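Novice: Below are the structure tokens for one structure; questions will follow.
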Amino acid sequence: MSDFQKDNVALMCDISELVGLFDFESGLDTFLGKTVSMVAWHMRAAVCSIYLYEPETNELVLRANQGLDPSMIGRLRLKLGEGITGTALKTMRPISAANAMENPHYKFIPGSGEEKYLSLLAVPIFRKMNPIGVIVVQDPQWNYFNSNDVHALKVIASQLSSVIENAHLFMRIHAVEKGEFEEEEGAGEQEELSSGTHCIPGHWASGGLAMGLSTQVGHNLIRTNLEETYPSALTEADFNRAAETTERQLLELQRRLEDRIQDAASMIFGAHVLMLKDEAFAGEIRTQIRNGKPPAAAILDEINRYADMFSRSPNPLMREKVLDVEDLGHRLLHNLLPRSNENIGPDYTGQIVIAEELLPSDILKLAAEGASGLILLGSGQHSHVAILAKALDIPLVVASDHRLLHLAEKTPILLDPKERHIIIRPGPEAVQTMRELVHSLAYASKLSEQTKEVTKTRDGVNIQLLANLNLLSELDVALSVKAQGIGLYRTEFPFIIRNTFPTEEEQYQGYKRVLERMEDRPVVFRTLDIGGDKALSYFPTQHENNPFLGLRALRFSLRNPEIFKQQLRALLRAAHGNPQAKIMFPLVASLDEFLAARELTHSCQQELFREGIAHRLPEIGVMIDSPSAAVIVPELARAADFLSIGSNDLIQYLLAVDRTNSDVASFFSPHHPAVLRTLNRIVSAASQAEKPVSLCGNLGSDFRMLPFLLGIGLRSLSLDSASLPGVQREIEKIDLNEAVWQAKEMLSFSRISEVDQYMKKREAASRAGT
């Protein structure tokens, strides 16, 4: 059968159909049976099977099949590593055989009838790099499955992993009785904010001003004024209408989110939809309504019951579903109101969301649902959440005043970045301040329109200004400020904000879109920088007393080669036909680590060549962001194709200062003599090796440091897009000869105070026009 008759694209894209197949009353096996039929139909394959892994016995069990003897379901078992199917799961890699019987891993299964099917494709299903099962397709035609089929089935396996896991979680809850959980000891009554206006200090993590009405997530929905808010005449039919409206909204939100953030939106609202389809959830609400309970109270009680069970579970994956449950309740209650019947928009619009903890995926959901701003309580590390919020252009404030958790719902709040205040019940003056800030932001937007295509110093030397990128959604901003390329694409963020690892195919599609949008402009893809303050909620790691000095960045990737190889393969494939693509390894501590990572890249190149998959080996660079890399930078410069200075981490490690710790923030000094000399050493080594070098991080947008950076020889800077217009205008004021002289002066000082005094003197002279 020719490839064009296969319907792989429809199968990969139709996620909502896969989710819609699951029915709690029918059970998981019925869902899997429908799934194999759908996959076989779309792929035009004679056989499709799904095996699920049982960790207790270390075996794969056939749970669903179309095309083989149905009596084998539940009886056919394979050990991990046994046969082609068992080997695919053990190695976590797809296996495609033109003739299965000639494959060295082939195992004959008497009575199965599969000997008449020559071609076999087995793709592992896993989540958090933990085995879940294998999906297998077979056909009598020799060499029937090609590389497109492999990629399609890998995407399908990824979606199945999420659905199967959610199904297991919700089915497990059905077996739990409410009385099995013991009540936790209360922490005592918390002081509440009195009436009137209050100004609460906060740390501004992202975004600008915001104003809205308060609402809380992460705590049980509050039962206040139900009788006043919801008409007494509401019935079961009103609940059914609200449930139908909610499902439509969720599917529409999922679609919009996928359009906006293609690299991170997979199945974000999957748990919401599954709960709506769970008769044990919706059916219980209907039963309570029939017994005389008002619909709003029935929804609230059932939502709080589920949220309570989830929050008390010893299973961390179940605890992560608390926000999903409360979010679903929030939307159902909103849609229960008659006026919301025709409203299919997001129902956090105009609201400031308050929470103690938020996962990156939670940020995505709240942004998709129109939240005006976020207030995050607690002292934990939130920098990855802040970067994501910034990428989504949603204001986020981190505060420590837990009285915010006891605010009445719909309390007016103003997030004021100018004064770094959270203003509760703002008065007229605060509102006026907000209006002034709006005008300022509008002016800043006009300035970005005036950004020039090329950046030059006062004496005409070209300086390359590139943009930093976290998500595809930021590309529009980068292009609007005329960035000359992407100097740092932090590829970890599509990993951080998801609920499972993106597949090779999903990564490839995301990287390809970036390159297509940037056309002939350079794009530097930094491989995973996981660890430190950027953890994966779905990947179990050991507790580290100092995660910034632990298993992070390239160490993590080299320790987990199966994860690393999927990313490298995706990058090599995306680089095909895109000569502007580059790969960069982060936090390299030794030449050995760089060479090991480069060797693994070459190994992936050879694999792709053997598989006949189009690819290209791009330039491979190194990020200099550790003291050890700065010391051996001459050797790294000779081995790599280019260098990039990661100024944030480099300064942090050089000065032994945790940049996320406010207690020692004053010690984080970019103009420390050790930092200045290290930067000069790196740029000099790159020049001697005749390799290009750039700088990324906050240092590039520090106006006081720009003359020094240009004076030591840097001609390329990578910045947050919002900073680019201002940096361009500042560079246009700099004479390069003066900058070289100024850099030499600054390098001659031994004390921070001397450098600081010199910079202040230069600033004063600049303002005076001398």
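Please note that chains go A, B, ... in the order of the structure tokens, that every chain numbers its residues from 1, and that ligands are numbered from 1 in the order shown.
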Which polymer residues have any atom within 12 Å of an atom of Ser716 of chain A, counting only C-alpha atoms, with same-chain residues fewer than 3 positions away left out, as an MDAnalysis selection string?

Specialist: chainID A and resid 455:456 461:467 483:488 522 642:645 683 692:696 700 706 709:710 712:713 719 728 731

Novice: What separation in Å, quoted to one decimal, exists between atom CA of Gln605 of chain A and atom CA of Leu568 of chain A?

Specialist: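 These atoms are spaced 8.7 Å apart.
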
Novice: Using only C-alpha atoms, determine which residues lie at most 8 Å from Cys199 of chain A, disregarding the query and same-chain residues fewer than 2 positions distant; provide the list as a list in words.

Specialist: Thr197, Pro201, His421, Ile422, Ile423 and Ile424 of chain A

Novice: Keeping only N, CA and C atoms, take the residues you just selected and write them out as a compact mmCIF listing (two decimals), in the first residue's frame.

Specialist:
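Result file result23.txt:
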# COMPACT_ATOMS: atom_id res chain seq x y z
N THR A 197 -7.21 49.94 52.41
CA THR A 197 -6.10 49.73 51.48
C THR A 197 -4.86 49.23 52.21
N PRO A 201 4.69 44.38 50.11
CA PRO A 201 5.87 44.30 49.24
C PRO A 201 5.93 42.96 48.50
N HIS A 421 4.87 46.92 44.75
CA HIS A 421 3.84 46.74 45.76
C HIS A 421 2.67 45.95 45.19
N ILE A 422 2.09 45.13 46.07
CA ILE A 422 0.78 44.54 45.80
C ILE A 422 -0.20 45.39 46.59
N ILE A 423 -1.07 46.12 45.90
CA ILE A 423 -1.98 47.04 46.57
C ILE A 423 -3.36 46.39 46.67
N ILE A 424 -3.79 46.16 47.91
CA ILE A 424 -5.09 45.58 48.17
C ILE A 424 -6.12 46.70 48.31

Novice: I'd like the interatomic distance between atom CA of Pro725 of chain A and atom CA of Gln742 of chain A, to a tenth of an Å.

Specialist: 23.8 Å

Novice: At a cut-off of 9 Å, using only C-alpha atoms, what residues contact His576 of chain A? Leave out same-chain residues fewer than 5 positions from it and give the result as a ChimeraX atom specification.

Specialist: /A:571,581,614-618

Novice: What's the 9 Å shell around Leu374 of chain A, counting only C-alpha atoms, without same-chain residues fewer than 5 positions away, as a PyMOL selection string?

Specialist: chain A and resi 351-355+363+366+389+394-398
